[in-house]
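Have a look at start26.txt below; it lists compact mmCIF, C-alpha atoms.
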```
# COMPACT_ATOMS: atom_id res chain seq x y z
CA MET A 1 110.85 123.01 105.46
CA SER A 2 110.81 120.35 102.72
CA VAL A 3 107.53 118.62 101.94
CA PHE A 4 109.43 115.37 102.54
CA TYR A 5 109.62 116.16 106.25
CA TYR A 6 105.89 116.91 106.35
CA ILE A 7 105.43 113.25 105.48
CA PHE A 8 108.52 111.45 106.81
CA ILE A 9 108.64 112.82 110.37
CA PRO A 10 104.91 112.31 111.18
CA PHE A 11 104.99 108.83 109.60
CA VAL A 12 108.01 107.60 111.55
CA VAL A 13 106.83 109.04 114.87
CA SER A 14 103.35 107.59 114.48
CA LEU A 15 104.67 104.18 113.42
CA LEU A 16 107.12 103.92 116.33
CA ALA A 17 104.56 105.15 118.87
CA ALA A 18 101.99 102.57 117.71
CA ILE A 19 104.57 99.76 117.75
CA TRP A 20 105.67 100.72 121.28
CA ILE A 21 102.17 100.99 122.78
CA PHE A 22 100.58 97.92 121.16
CA PRO A 23 101.84 95.19 123.56
CA LYS A 24 101.01 97.39 126.56
CA ILE A 25 97.43 97.93 125.40
CA LEU A 26 97.17 94.21 124.68
CA ARG A 27 98.18 93.34 128.24
CA ILE A 28 95.67 95.81 129.68
CA ALA A 29 92.87 94.34 127.55
CA LEU A 30 93.71 90.81 128.67
CA LEU A 31 94.16 91.81 132.32
CA LYS A 32 90.80 93.61 132.45
CA ASN A 33 89.07 91.02 130.23
CA ILE A 34 88.13 93.66 127.63
CA VAL A 35 87.55 91.11 124.89
CA ASP A 36 85.14 90.28 122.11
CA ASN A 37 83.57 86.91 122.91
CA PRO A 38 82.59 84.51 120.12
CA ASP A 39 78.93 83.88 119.34
CA ALA A 40 76.80 82.55 116.50
CA ARG A 41 77.24 85.72 114.43
CA LYS A 42 80.96 86.30 114.91
CA LEU A 43 83.73 84.53 113.07
CA GLN A 44 86.38 84.07 115.78
CA ARG A 45 86.53 80.95 117.94
CA ARG A 46 88.04 82.46 121.09
CA PRO A 47 87.83 85.76 123.00
CA ILE A 48 89.95 88.45 121.31
CA PRO A 49 91.15 91.70 122.99
CA VAL A 50 89.28 94.65 121.54
CA LEU A 51 91.31 97.80 122.30
CA GLY A 52 93.19 98.09 119.01
CA GLY A 53 91.64 101.49 118.37
CA VAL A 54 93.30 102.86 121.51
CA ALA A 55 96.74 101.83 120.18
CA VAL A 56 95.99 103.38 116.79
CA MET A 57 94.78 106.64 118.33
CA PHE A 58 97.84 106.80 120.59
CA GLY A 59 100.14 106.73 117.57
CA ILE A 60 98.10 109.45 115.84
CA LEU A 61 98.06 111.73 118.89
CA VAL A 62 101.77 111.37 119.67
CA SER A 63 102.75 112.04 116.08
CA LEU A 64 100.50 115.09 115.66
CA SER A 65 101.68 116.47 119.02
CA ILE A 66 105.35 116.20 118.11
CA SER A 67 104.78 117.29 114.51
CA GLY A 68 102.96 120.35 115.84
CA LEU A 69 106.30 121.61 117.16
CA PHE A 70 107.56 121.87 113.57
CA PHE A 71 104.46 122.24 111.40
CA ASP A 72 101.17 124.08 111.72
CA CYS A 73 98.59 121.44 112.71
CA SER A 74 96.13 123.86 114.32
CA SER A 75 93.47 123.24 111.66
CA LEU A 76 93.30 119.60 112.81
CA PHE A 77 92.43 120.41 116.43
CA THR A 78 88.66 119.96 116.10
CA ILE A 79 89.09 116.83 113.99
CA VAL A 80 91.34 115.28 116.65
CA LEU A 81 88.81 116.25 119.32
CA ALA A 82 86.04 114.56 117.31
CA MET A 83 88.25 111.47 116.96
CA LEU A 84 88.81 111.37 120.72
CA ILE A 85 85.07 111.61 121.41
CA MET A 86 84.46 108.75 118.99
CA LEU A 87 87.25 106.73 120.60
CA TYR A 88 85.62 107.10 124.02
CA LEU A 89 82.17 106.37 122.57
CA GLY A 90 83.31 103.25 120.75
CA THR A 91 85.44 101.93 123.61
CA ILE A 92 82.57 102.34 126.08
CA ASP A 93 80.31 100.57 123.58
CA ASP A 94 82.83 97.71 123.31
CA ILE A 95 82.71 97.28 127.10
CA VAL A 96 79.08 97.96 128.09
CA GLU A 97 77.16 98.03 124.76
CA LEU A 98 75.46 101.40 124.38
CA SER A 99 72.05 101.63 122.74
CA PRO A 100 72.00 102.51 119.01
CA ARG A 101 69.94 105.63 119.84
CA MET A 102 72.59 106.94 122.25
CA ARG A 103 75.35 106.29 119.74
CA PHE A 104 73.52 108.08 116.95
CA MET A 105 72.77 111.10 119.10
CA ILE A 106 76.45 111.50 119.97
CA GLU A 107 77.49 110.91 116.35
CA ILE A 108 75.11 113.63 115.17
CA LEU A 109 76.48 116.06 117.76
CA VAL A 110 80.03 115.28 116.66
CA ALA A 111 79.00 115.81 113.03
CA LEU A 112 77.55 119.23 113.86
CA MET A 113 80.72 120.13 115.80
CA ILE A 114 82.88 119.29 112.77
CA MET A 115 80.62 121.28 110.46
CA TYR A 116 80.32 124.45 112.50
CA THR A 117 83.84 124.51 113.97
CA CYS A 118 85.87 123.44 110.93
CA GLY A 119 83.54 124.69 108.22
CA TYR A 120 83.43 121.25 106.60
CA SER A 121 80.12 120.59 104.89
CA LEU A 122 78.76 119.11 101.71
CA ASN A 123 77.59 122.48 100.39
CA ASP A 124 78.75 122.17 96.78
CA LEU A 125 78.20 119.44 94.17
CA HIS A 126 80.96 120.87 91.95
CA HIS A 127 78.96 120.88 88.70
CA LEU A 128 77.32 117.49 89.21
CA TRP A 129 73.94 117.77 87.42
CA GLY A 130 74.92 121.39 86.79
CA VAL A 131 74.68 122.21 90.50
CA THR A 132 77.35 124.09 92.43
CA SER A 133 76.51 125.64 95.81
CA LEU A 134 73.71 124.17 97.94
CA PRO A 135 71.47 126.14 100.32
CA ASN A 136 71.92 125.56 104.07
CA TYR A 137 68.60 123.75 104.46
CA VAL A 138 69.96 121.13 102.04
CA SER A 139 73.68 121.09 102.89
CA ILE A 140 73.30 120.83 106.69
CA PRO A 141 71.18 117.64 106.82
CA LEU A 142 73.08 116.21 103.85
CA SER A 143 76.39 116.78 105.64
CA VAL A 144 75.12 115.18 108.87
CA VAL A 145 73.87 112.14 106.94
CA THR A 146 77.23 111.93 105.14
CA ILE A 147 79.32 112.04 108.33
CA VAL A 148 77.12 109.66 110.31
CA GLY A 149 76.61 107.37 107.32
CA ILE A 150 80.29 107.04 106.44
CA THR A 151 81.25 106.61 110.10
CA ASN A 152 78.84 103.72 110.54
CA ALA A 153 79.73 102.19 107.16
CA ILE A 154 83.37 101.98 108.26
CA ASN A 155 82.22 100.56 111.60
CA LEU A 156 80.22 97.81 109.91
CA ILE A 157 83.03 96.48 107.70
CA ASP A 158 84.98 95.33 110.77
CA GLY A 159 84.10 91.68 110.27
CA VAL A 160 87.24 89.80 109.21
CA ASP A 161 90.92 90.15 110.07
CA GLY A 162 92.62 93.00 108.25
CA TYR A 163 89.55 94.25 106.38
CA SER A 164 88.74 97.48 108.21
CA SER A 165 92.37 98.44 108.87
CA GLY A 166 93.48 97.41 105.37
CA TYR A 167 90.65 99.35 103.80
CA CYS A 168 91.44 102.46 105.89
CA ILE A 169 95.14 102.23 104.98
CA MET A 170 94.22 102.07 101.31
CA THR A 171 91.74 104.93 101.57
CA CYS A 172 94.11 107.17 103.53
CA CYS A 173 96.79 106.60 100.89
CA ILE A 174 94.40 107.56 98.08
CA PHE A 175 93.04 110.65 99.81
CA GLY A 176 96.52 111.56 101.04
CA LEU A 177 97.85 111.56 97.47
CA PHE A 178 94.84 113.57 96.32
CA PHE A 179 95.44 116.20 99.03
CA TYR A 180 99.19 116.23 98.35
CA LEU A 181 98.57 117.07 94.69
CA SER A 182 96.19 119.81 95.88
CA GLY A 183 98.70 121.26 98.36
CA ASP A 184 96.51 120.61 101.42
CA MET A 185 99.33 119.60 103.77
CA PRO A 186 97.34 119.34 107.06
CA MET A 187 95.10 116.73 105.43
CA VAL A 188 98.15 114.98 104.01
CA MET A 189 99.64 114.84 107.50
CA LEU A 190 96.42 113.40 108.95
CA ALA A 191 96.34 110.72 106.25
CA VAL A 192 100.03 109.88 106.81
CA VAL A 193 99.78 109.47 110.60
CA CYS A 194 96.65 107.32 110.24
CA VAL A 195 98.41 104.99 107.79
CA ALA A 196 101.47 104.71 110.05
CA SER A 197 99.38 103.98 113.16
CA LEU A 198 97.26 101.40 111.37
CA ILE A 199 100.18 99.41 109.94
CA PRO A 200 101.32 97.78 113.24
CA PHE A 201 97.73 96.99 114.16
CA PHE A 202 97.09 95.48 110.70
CA PHE A 203 100.05 93.11 111.01
CA HIS A 204 99.09 91.98 114.52
CA ASN A 205 95.43 91.63 113.55
CA VAL A 206 96.19 89.53 110.46
CA PHE A 207 99.33 87.61 111.40
CA GLY A 208 99.35 87.60 115.19
CA ARG A 209 98.15 84.61 117.15
CA THR A 210 98.88 85.45 120.77
CA THR A 211 99.04 89.18 119.89
CA LYS A 212 95.87 89.34 117.80
CA MET A 213 93.64 92.27 118.74
CA PHE A 214 90.50 93.71 117.19
CA ILE A 215 90.31 97.42 116.46
CA GLY A 216 86.89 97.57 118.12
CA ASP A 217 84.16 100.16 117.73
CA GLY A 218 86.54 102.71 119.21
CA GLY A 219 88.93 102.30 116.29
CA THR A 220 86.36 102.03 113.51
CA LEU A 221 84.45 105.10 114.71
CA VAL A 222 87.72 107.07 114.85
CA MET A 223 88.57 106.07 111.29
CA GLY A 224 85.00 106.74 110.21
CA VAL A 225 85.38 110.34 111.36
CA VAL A 226 88.66 110.58 109.44
CA MET A 227 87.08 109.22 106.25
CA SER A 228 84.08 111.56 106.47
CA THR A 229 86.44 114.49 107.14
CA PHE A 230 88.36 113.66 103.99
CA VAL A 231 85.15 113.50 101.94
CA LEU A 232 83.77 116.80 103.23
CA ASN A 233 87.14 118.49 102.82
CA VAL A 234 87.10 117.47 99.15
CA LEU A 235 83.49 118.51 98.59
CA LYS A 236 83.21 121.78 100.54
CA SER A 237 82.80 124.91 98.44
CA ASP A 238 86.24 126.39 99.24
CA THR A 239 88.16 123.14 98.93
CA MET A 240 91.77 123.23 97.78
CA CYS A 241 90.75 120.50 95.31
CA LEU A 242 88.51 122.95 93.44
CA HIS A 243 90.74 123.08 90.37
CA TYR A 244 90.06 119.40 89.71
CA SER A 245 86.49 120.27 88.75
CA ASP A 246 87.80 122.60 86.05
CA TRP A 247 89.73 119.64 84.62
CA GLY A 248 86.55 117.56 84.32
CA ILE A 249 87.24 115.44 87.41
CA GLY A 250 84.03 114.62 89.25
CA LEU A 251 84.76 115.17 92.93
CA VAL A 252 81.53 113.50 94.05
CA PRO A 253 82.11 110.42 91.83
CA PHE A 254 85.72 110.24 93.03
CA THR A 255 84.85 110.22 96.74
CA LEU A 256 82.00 107.77 96.16
CA SER A 257 84.28 105.39 94.25
CA VAL A 258 86.81 105.34 97.10
CA LEU A 259 84.06 104.55 99.62
CA SER A 260 82.00 102.42 97.25
CA ILE A 261 81.98 99.00 98.90
CA PRO A 262 81.45 100.10 102.54
CA VAL A 263 78.71 102.55 101.55
CA PHE A 264 76.81 100.38 99.07
CA ASP A 265 77.19 97.20 101.10
CA THR A 266 75.85 98.99 104.21
CA VAL A 267 72.88 100.41 102.27
CA ARG A 268 72.12 96.95 100.84
CA VAL A 269 72.32 95.22 104.22
CA MET A 270 70.21 97.79 106.07
CA SER A 271 67.62 97.91 103.28
CA MET A 272 67.18 94.15 103.33
CA ARG A 273 66.86 94.12 107.11
CA MET A 274 64.05 96.67 106.94
CA LEU A 275 62.34 94.74 104.13
CA ARG A 276 62.41 91.68 106.39
CA GLY A 277 60.75 93.71 109.12
CA THR A 278 63.76 93.82 111.44
CA SER A 279 65.76 96.74 112.75
CA PRO A 280 68.44 98.03 110.33
CA PHE A 281 70.84 97.90 113.30
CA ASN A 282 70.08 94.26 114.10
CA PRO A 283 73.38 92.44 113.38
CA ASP A 284 73.43 89.49 111.02
CA LYS A 285 75.77 87.70 108.60
CA THR A 286 74.71 89.26 105.28
CA HIS A 287 77.65 91.58 104.59
CA LEU A 288 79.87 91.08 101.55
CA HIS A 289 82.73 89.75 103.67
CA HIS A 290 80.41 87.04 105.03
CA LEU A 291 79.80 85.91 101.43
CA PHE A 292 83.51 85.37 100.85
CA ILE A 293 83.85 83.48 104.13
CA GLU A 294 80.88 81.26 103.12
CA MET A 295 82.65 80.52 99.81
CA GLY A 296 85.66 79.24 101.77
CA PHE A 297 87.97 82.25 101.57
CA SER A 298 90.39 82.85 104.42
CA HIS A 299 90.27 86.14 106.29
CA ILE A 300 93.27 87.54 104.41
CA GLY A 301 91.85 86.19 101.14
CA THR A 302 88.55 87.93 101.86
CA THR A 303 90.32 91.19 102.67
CA ILE A 304 92.44 91.12 99.51
CA SER A 305 89.42 90.22 97.35
CA ILE A 306 87.21 93.03 98.65
CA LEU A 307 89.97 95.64 98.51
CA THR A 308 90.67 94.56 94.93
CA LEU A 309 87.00 94.98 94.03
CA ASN A 310 87.00 98.47 95.55
CA CYS A 311 90.13 99.36 93.57
CA LEU A 312 88.39 98.18 90.39
CA VAL A 313 85.55 100.62 91.07
CA ILE A 314 88.09 103.43 91.53
CA LEU A 315 89.83 102.35 88.33
CA GLY A 316 86.49 102.38 86.53
CA TRP A 317 85.90 105.97 87.67
CA TYR A 318 89.41 107.00 86.58
CA VAL A 319 89.03 105.41 83.14
CA SER A 320 85.68 107.16 82.67
CA TYR A 321 87.36 110.49 83.48
CA LYS A 322 90.28 109.83 81.11
CA LEU A 323 87.82 108.91 78.34
CA GLY A 324 86.26 112.34 78.71
CA CYS A 325 82.98 111.29 80.33
CA SER A 326 80.97 114.08 81.92
CA ILE A 327 80.81 114.39 85.70
CA ASP A 328 77.25 113.03 85.63
CA CYS A 329 78.35 110.03 83.56
CA GLN A 330 81.27 109.39 85.93
CA LEU A 331 78.80 109.19 88.81
CA TYR A 332 76.51 106.75 86.99
CA ILE A 333 79.47 104.52 86.11
CA VAL A 334 80.63 104.49 89.76
CA ILE A 335 77.11 103.63 90.97
CA ALA A 336 76.78 100.84 88.38
CA LEU A 337 80.16 99.34 89.28
CA ALA A 338 79.47 99.62 93.01
CA MET A 339 76.11 97.88 92.59
CA LEU A 340 77.81 95.19 90.51
CA VAL A 341 80.43 94.34 93.16
CA THR A 342 78.05 94.52 96.12
CA VAL A 343 74.42 93.76 95.21
CA VAL A 344 74.84 91.71 92.01
CA LEU A 345 77.86 89.79 93.31
CA TYR A 346 76.23 89.00 96.66
CA TYR A 347 72.91 87.72 95.33
CA GLY A 348 74.43 86.32 92.14
CA MET A 349 76.81 84.07 94.07
CA HIS A 350 74.01 82.81 96.29
CA TYR A 351 71.97 82.02 93.17
CA CYS A 352 74.95 80.23 91.61
CA ALA A 353 75.48 78.27 94.85
CA ARG A 354 71.89 76.98 94.81
CA HIS A 355 72.37 75.75 91.24
CA ASN A 356 75.98 74.65 91.74
CA TRP A 357 77.10 76.57 88.67
CA ALA A 358 80.72 76.49 87.51
CA VAL A 359 81.37 80.11 88.52
CA TYR A 360 80.53 79.26 92.12
CA ARG A 361 82.77 76.19 92.05
CA LEU A 362 85.55 78.43 90.71
CA MET A 363 85.06 80.85 93.60
CA LYS A 364 85.15 77.93 96.05
CA TRP A 365 88.43 76.79 94.51
CA LEU A 366 89.87 80.30 94.81
CA GLY A 367 88.68 80.37 98.41
CA GLU A 368 90.54 77.18 99.24
CA ALA A 369 93.66 78.53 97.52
CA SER A 370 93.57 81.64 99.74
CA HIS A 371 94.36 79.66 102.91
CA ILE A 372 98.03 80.34 103.58
CA GLU A 373 97.84 80.76 107.36
CA ARG A 374 100.44 78.12 108.17
CA LYS A 375 102.81 78.51 105.23
CA GLY A 376 106.07 80.30 104.47
CA VAL A 377 106.04 84.07 104.88
CA PHE A 378 102.73 84.04 106.74
CA LEU A 379 104.14 81.73 109.42
CA TRP A 380 107.33 83.83 109.69
CA LEU A 381 105.28 87.00 110.14
CA GLN A 382 103.13 85.29 112.76
CA ARG A 383 106.20 84.38 114.80
CA MET A 384 107.58 87.89 114.48
CA MET A 385 104.28 89.49 115.61
CA ASP A 386 103.94 87.12 118.57
CA ASP A 387 107.56 87.70 119.61
CA HIS A 388 106.77 91.44 119.77
CA GLU A 389 104.66 90.75 122.86
CA LYS A 390 107.79 89.67 124.71
CA VAL A 391 109.74 92.84 123.90
```
Let me see the file written as structure tokens.
Amino acid sequence: MSVFYYIFIPFVVSLLAAIWIFPKILRIALLKNIVDNPDARKLQRRPIPVLGGVAVMFGILVSLSISGLFFDCSSLFTIVLAMLIMLYLGTIDDIVELSPRMRFMIEILVALMIMYTCGYSLNDLHHLWGVTSLPNYVSIPLSVVTIVGITNAINLIDGVDGYSSGYCIMTCCIFGLFFYLSGDMPMVMLAVVCVASLIPFFFHNVFGRTTKMFIGDGGTLVMGVVMSTFVLNVLKSDTMCLHYSDWGIGLVPFTLSVLSIPVFDTVRVMSMRMLRGTSPFNPDKTHLHHLFIEMGFSHIGTTISILTLNCLVILGWYVSYKLGCSIDCQLYIVIALAMLVTVVLYYGMHYCARHNWAVYRLMKWLGEASHIERKGVFLWLQRMMDDHEKV
């Protein structure tokens, strides 16, 4: 069957399933009062339903189930099982607030299940620093840290409308293209159904007023598992992307560039919490998206700005590869760019704000210009999303 159908059929089925289920999940959340209530740390002003991840997962499951009648999706079984476990974990946490210790224990168990059932592990650096295969006593803990770390990094970027879903759509598109060029069709299919399921949620989350819903921990943990699966599938020793290393493409720098802002921003935030003597899991308002909100950016303006910065890091990696930089050099360039757009930008803007420098005033002006919530196309989309609830 044509590769076109590997992409088209799963995409359409997932998109339609997510569109159909969204208003039903919204009504359930409102009926059962499963909402995220505003407080001093959060940015919304009213309770918002928080079961968006259930709608996203429904679209993914329906599409993979139907696509499985035509294509071989058996290699995705364990990944889907891990996603379901994370959906239950996150949804329960949204409702009753599990302890961080309980969450981490379950996340570690899920990571080990993915590693030992699917064979996904970070057991090869693909010539980075001249290293190829890694021994088990290094690769096993490194893989667990990678899965749990990426999962929680995706979870922590869910702070403004459209950010987490927009970022995951972008990332799935990039990894999906990478796997398509490698011929890894099961991974392509997973990326495609995730994009299709996230699109309806993204539009309701950004443009909806009466139909606004948060993706919740259930959704972010699901997508965190997907992102970590993509990374380990690229970096495992028998990856179908292996030929890229022979072309001088740094697989580790590539994956790190795609995940640069969530990973580096999470490391920065948790490090500063520990330096202040507080728990790294103690929530605050020191993430990069909080900086943009402080500078007056709208939610959609913040989302577009951060996604643009992440794309610039990816572009920086790609340019370094095209210029013939070594794999080691590609990594150092990615790290430098990621530090620039997370650490330097965050503390630099606060320094400029204290001194009222022109660059900060420029950012404030851009922030004001990003407010388009009640204008033109935005208002039309809002009406269309809210009318969907009545269908």
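Residues in contact range of region 261-269 of chain A, defined as at most 8 Å between only C-alpha atoms, with sequence neighbours fewer than 6 positions away removed, read Gly149, Ile150, Ala153, Ile154, Leu156, Ile157, Pro280, Thr286, His287, Leu288, Ile306, Asn310, Ala338, Met339, Val341, Thr342 and Val343 of chain A.
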The selected residues should be written to file as an mmCIF file, keeping the file's coordinate frame (atoms: C-alpha atoms).
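The resulting file, part.cif, is shown below:
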```
data_model
loop_
_atom_site.group_PDB
_atom_site.id
_atom_site.type_symbol
_atom_site.label_atom_id
_atom_site.label_comp_id
_atom_site.auth_asym_id
_atom_site.auth_seq_id
_atom_site.Cartn_x
_atom_site.Cartn_y
_atom_site.Cartn_z
ATOM 1 C CA GLY A 149 76.610 107.370 107.320
ATOM 2 C CA ILE A 150 80.290 107.040 106.440
ATOM 3 C CA ALA A 153 79.730 102.190 107.160
ATOM 4 C CA ILE A 154 83.370 101.980 108.260
ATOM 5 C CA LEU A 156 80.220 97.810 109.910
ATOM 6 C CA ILE A 157 83.030 96.480 107.700
ATOM 7 C CA PRO A 280 68.440 98.030 110.330
ATOM 8 C CA THR A 286 74.710 89.260 105.280
ATOM 9 C CA HIS A 287 77.650 91.580 104.590
ATOM 10 C CA LEU A 288 79.870 91.080 101.550
ATOM 11 C CA ILE A 306 87.210 93.030 98.650
ATOM 12 C CA ASN A 310 87.000 98.470 95.550
ATOM 13 C CA ALA A 338 79.470 99.620 93.010
ATOM 14 C CA MET A 339 76.110 97.880 92.590
ATOM 15 C CA VAL A 341 80.430 94.340 93.160
ATOM 16 C CA THR A 342 78.050 94.520 96.120
ATOM 17 C CA VAL A 343 74.420 93.760 95.210
#
```
**OP:** Please provide as JSON, numbers by chain all residues within 9 Å of Leu61 (chain A), with the sequence filter that same-chain residues fewer than 3 positions apart are discarded (counting all atoms listed in the file).
**Re:** {"A": [14, 56, 57, 58, 64, 65, 66, 80, 193]}
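Across the model, the gap from CA of Asp158 (chain A) to CA of Met213 (chain A) is 12.2 Å.
Those residues that approach region 296-300 of chain A to within 9 Å, counting all atoms listed in the file, are Val160, Asp161, Gly162, Tyr163, Val206, His289, Leu291, Phe292, Ile293, Glu294, Thr302, Thr303, Ile304, Ser305, Met363, Lys364, Trp365, Leu366, Gly367, Glu368, Ala369, Ser370, His371, Ile372 and Glu373 of chain A; same-chain residues fewer than 2 positions away are not listed.
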Can you write just those residues out, C-alpha atoms, as an mmCIF file, in the frame of the given file?
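Full text of out-v4.cif as output:
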```cif
data_model
loop_
_atom_site.group_PDB
_atom_site.id
_atom_site.type_symbol
_atom_site.label_atom_id
_atom_site.label_comp_id
_atom_site.auth_asym_id
_atom_site.auth_seq_id
_atom_site.Cartn_x
_atom_site.Cartn_y
_atom_site.Cartn_z
ATOM 1 C CA VAL A 160 87.240 89.800 109.210
ATOM 2 C CA ASP A 161 90.920 90.150 110.070
ATOM 3 C CA GLY A 162 92.620 93.000 108.250
ATOM 4 C CA TYR A 163 89.550 94.250 106.380
ATOM 5 C CA VAL A 206 96.190 89.530 110.460
ATOM 6 C CA HIS A 289 82.730 89.750 103.670
ATOM 7 C CA LEU A 291 79.800 85.910 101.430
ATOM 8 C CA PHE A 292 83.510 85.370 100.850
ATOM 9 C CA ILE A 293 83.850 83.480 104.130
ATOM 10 C CA GLU A 294 80.880 81.260 103.120
ATOM 11 C CA THR A 302 88.550 87.930 101.860
ATOM 12 C CA THR A 303 90.320 91.190 102.670
ATOM 13 C CA ILE A 304 92.440 91.120 99.510
ATOM 14 C CA SER A 305 89.420 90.220 97.350
ATOM 15 C CA MET A 363 85.060 80.850 93.600
ATOM 16 C CA LYS A 364 85.150 77.930 96.050
ATOM 17 C CA TRP A 365 88.430 76.790 94.510
ATOM 18 C CA LEU A 366 89.870 80.300 94.810
ATOM 19 C CA GLY A 367 88.680 80.370 98.410
ATOM 20 C CA GLU A 368 90.540 77.180 99.240
ATOM 21 C CA ALA A 369 93.660 78.530 97.520
ATOM 22 C CA SER A 370 93.570 81.640 99.740
ATOM 23 C CA HIS A 371 94.360 79.660 102.910
ATOM 24 C CA ILE A 372 98.030 80.340 103.580
ATOM 25 C CA GLU A 373 97.840 80.760 107.360
#
```
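Compared by their closest atoms to Phe77 (chain A), and using all atoms listed in the file, the residues A:Met274, A:Met187, A:Ile169, A:Ile95 rank with A:Met187 nearest.
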Name the residues in contact with region 215-228 of chain A at a cut-off of 8 Å, using all atoms listed in the file, excluding same-chain residues fewer than 2 positions from it; report them as a short mmCIF file (atom, residue, chain, number, x, y, z; two decimals) with C-alpha atoms, in the frame of the given file.
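For reference, selection_30.cif as written:
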```
data_model
loop_
_atom_site.label_atom_id
_atom_site.label_comp_id
_atom_site.auth_asym_id
_atom_site.auth_seq_id
_atom_site.Cartn_x
_atom_site.Cartn_y
_atom_site.Cartn_z
CA VAL A 50 89.28 94.65 121.54
CA LEU A 51 91.31 97.80 122.30
CA GLY A 52 93.19 98.09 119.01
CA GLY A 53 91.64 101.49 118.37
CA VAL A 54 93.30 102.86 121.51
CA VAL A 56 95.99 103.38 116.79
CA MET A 57 94.78 106.64 118.33
CA ILE A 79 89.09 116.83 113.99
CA ALA A 82 86.04 114.56 117.31
CA MET A 83 88.25 111.47 116.96
CA LEU A 84 88.81 111.37 120.72
CA MET A 86 84.46 108.75 118.99
CA LEU A 87 87.25 106.73 120.60
CA TYR A 88 85.62 107.10 124.02
CA LEU A 89 82.17 106.37 122.57
CA GLY A 90 83.31 103.25 120.75
CA THR A 91 85.44 101.93 123.61
CA ILE A 92 82.57 102.34 126.08
CA ASP A 93 80.31 100.57 123.58
CA ASP A 94 82.83 97.71 123.31
CA THR A 146 77.23 111.93 105.14
CA ILE A 147 79.32 112.04 108.33
CA ILE A 150 80.29 107.04 106.44
CA THR A 151 81.25 106.61 110.10
CA ASN A 152 78.84 103.72 110.54
CA ALA A 153 79.73 102.19 107.16
CA ILE A 154 83.37 101.98 108.26
CA ASN A 155 82.22 100.56 111.60
CA ASP A 158 84.98 95.33 110.77
CA SER A 164 88.74 97.48 108.21
CA SER A 165 92.37 98.44 108.87
CA CYS A 168 91.44 102.46 105.89
CA THR A 171 91.74 104.93 101.57
CA CYS A 172 94.11 107.17 103.53
CA PHE A 201 97.73 96.99 114.16
CA MET A 213 93.64 92.27 118.74
CA PHE A 230 88.36 113.66 103.99
CA VAL A 231 85.15 113.50 101.94
CA LEU A 232 83.77 116.80 103.23
#
```
**OP:** Counting all atoms listed in the file, select every polymer residue within 7 Å of (105.1, 115.1, 97.5) as defined in the file's coordinates, and provide the selection as a count of residues only.
**Re:** 3
Original post:
What is the CA of Gly208 (chain A) to CA of Ser63 (chain A) distance in Å?
Top reply: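 About the pair CA of Gly208 (chain A) and CA of Ser63 (chain A): they are 24.7 Å apart.
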Original post:
Contacts of Leu242 (chain A) at 9 Å or less, counting all atoms listed in the file, minus same-chain residues fewer than 4 places along, as a ChimeraX atom specification?
Top reply: /A:126,182,234-238,246,251
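Distances here use only C-alpha atoms; by that measure, the residue among A:Thr211, A:Asn33, A:Ser75, A:Ser99 closest to Arg383 (chain A) is A:Thr211.
Nearest to Cys352 (chain A) of all the residues A:Met295, A:Ile114, A:Ile327, A:Leu134 is A:Met295, based on all atoms listed in the file.
Rounded to one decimal, CA of Tyr5 (chain A) and CA of Tyr120 (chain A) lie 26.7 Å from each other.
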Exercise on region 172-177 of chain A, axis-aligned box with 6 Å per side, report centre and edge lengths in Å to one decimal, as lines of an AutoDock Vina configuration file:
```
center_x = 95.4
center_y = 109.1
center_z = 100.5
size_x = 16.8
size_y = 17.0
size_z = 18.1
```
**OP:** Can you work out which one of A:Phe70, A:Phe175, A:Tyr137, A:Trp20 has the shortest atom-to-atom distance to Thr229 (chain A), counting all atoms listed in the file?
**Re:** A:Phe175
**OP:** Place a sphere of radius 6 Å on (93.1, 88.7, 125.8) in the file coordinates and name every protein, DNA or RNA residue with an atom inside or on its surface, counting all atoms listed in the file; give the answer as a VMD selection string.
**Re:** chain A and resid 29 to 30 48 to 49
Subject >> Pick from A:Val313, A:Cys241, A:Val192, A:Val131 nearest to Ile9 (chain A), counting only C-alpha atoms >> reply: A:Val192
Subject >> Among the residues A:Ser121, A:Arg209, A:Arg101, A:Pro10, the one that comes closest to Phe281 (chain A) [using only C-alpha atoms] >> reply: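 The answer is A:Arg101, which sits nearest to Phe281 (chain A).
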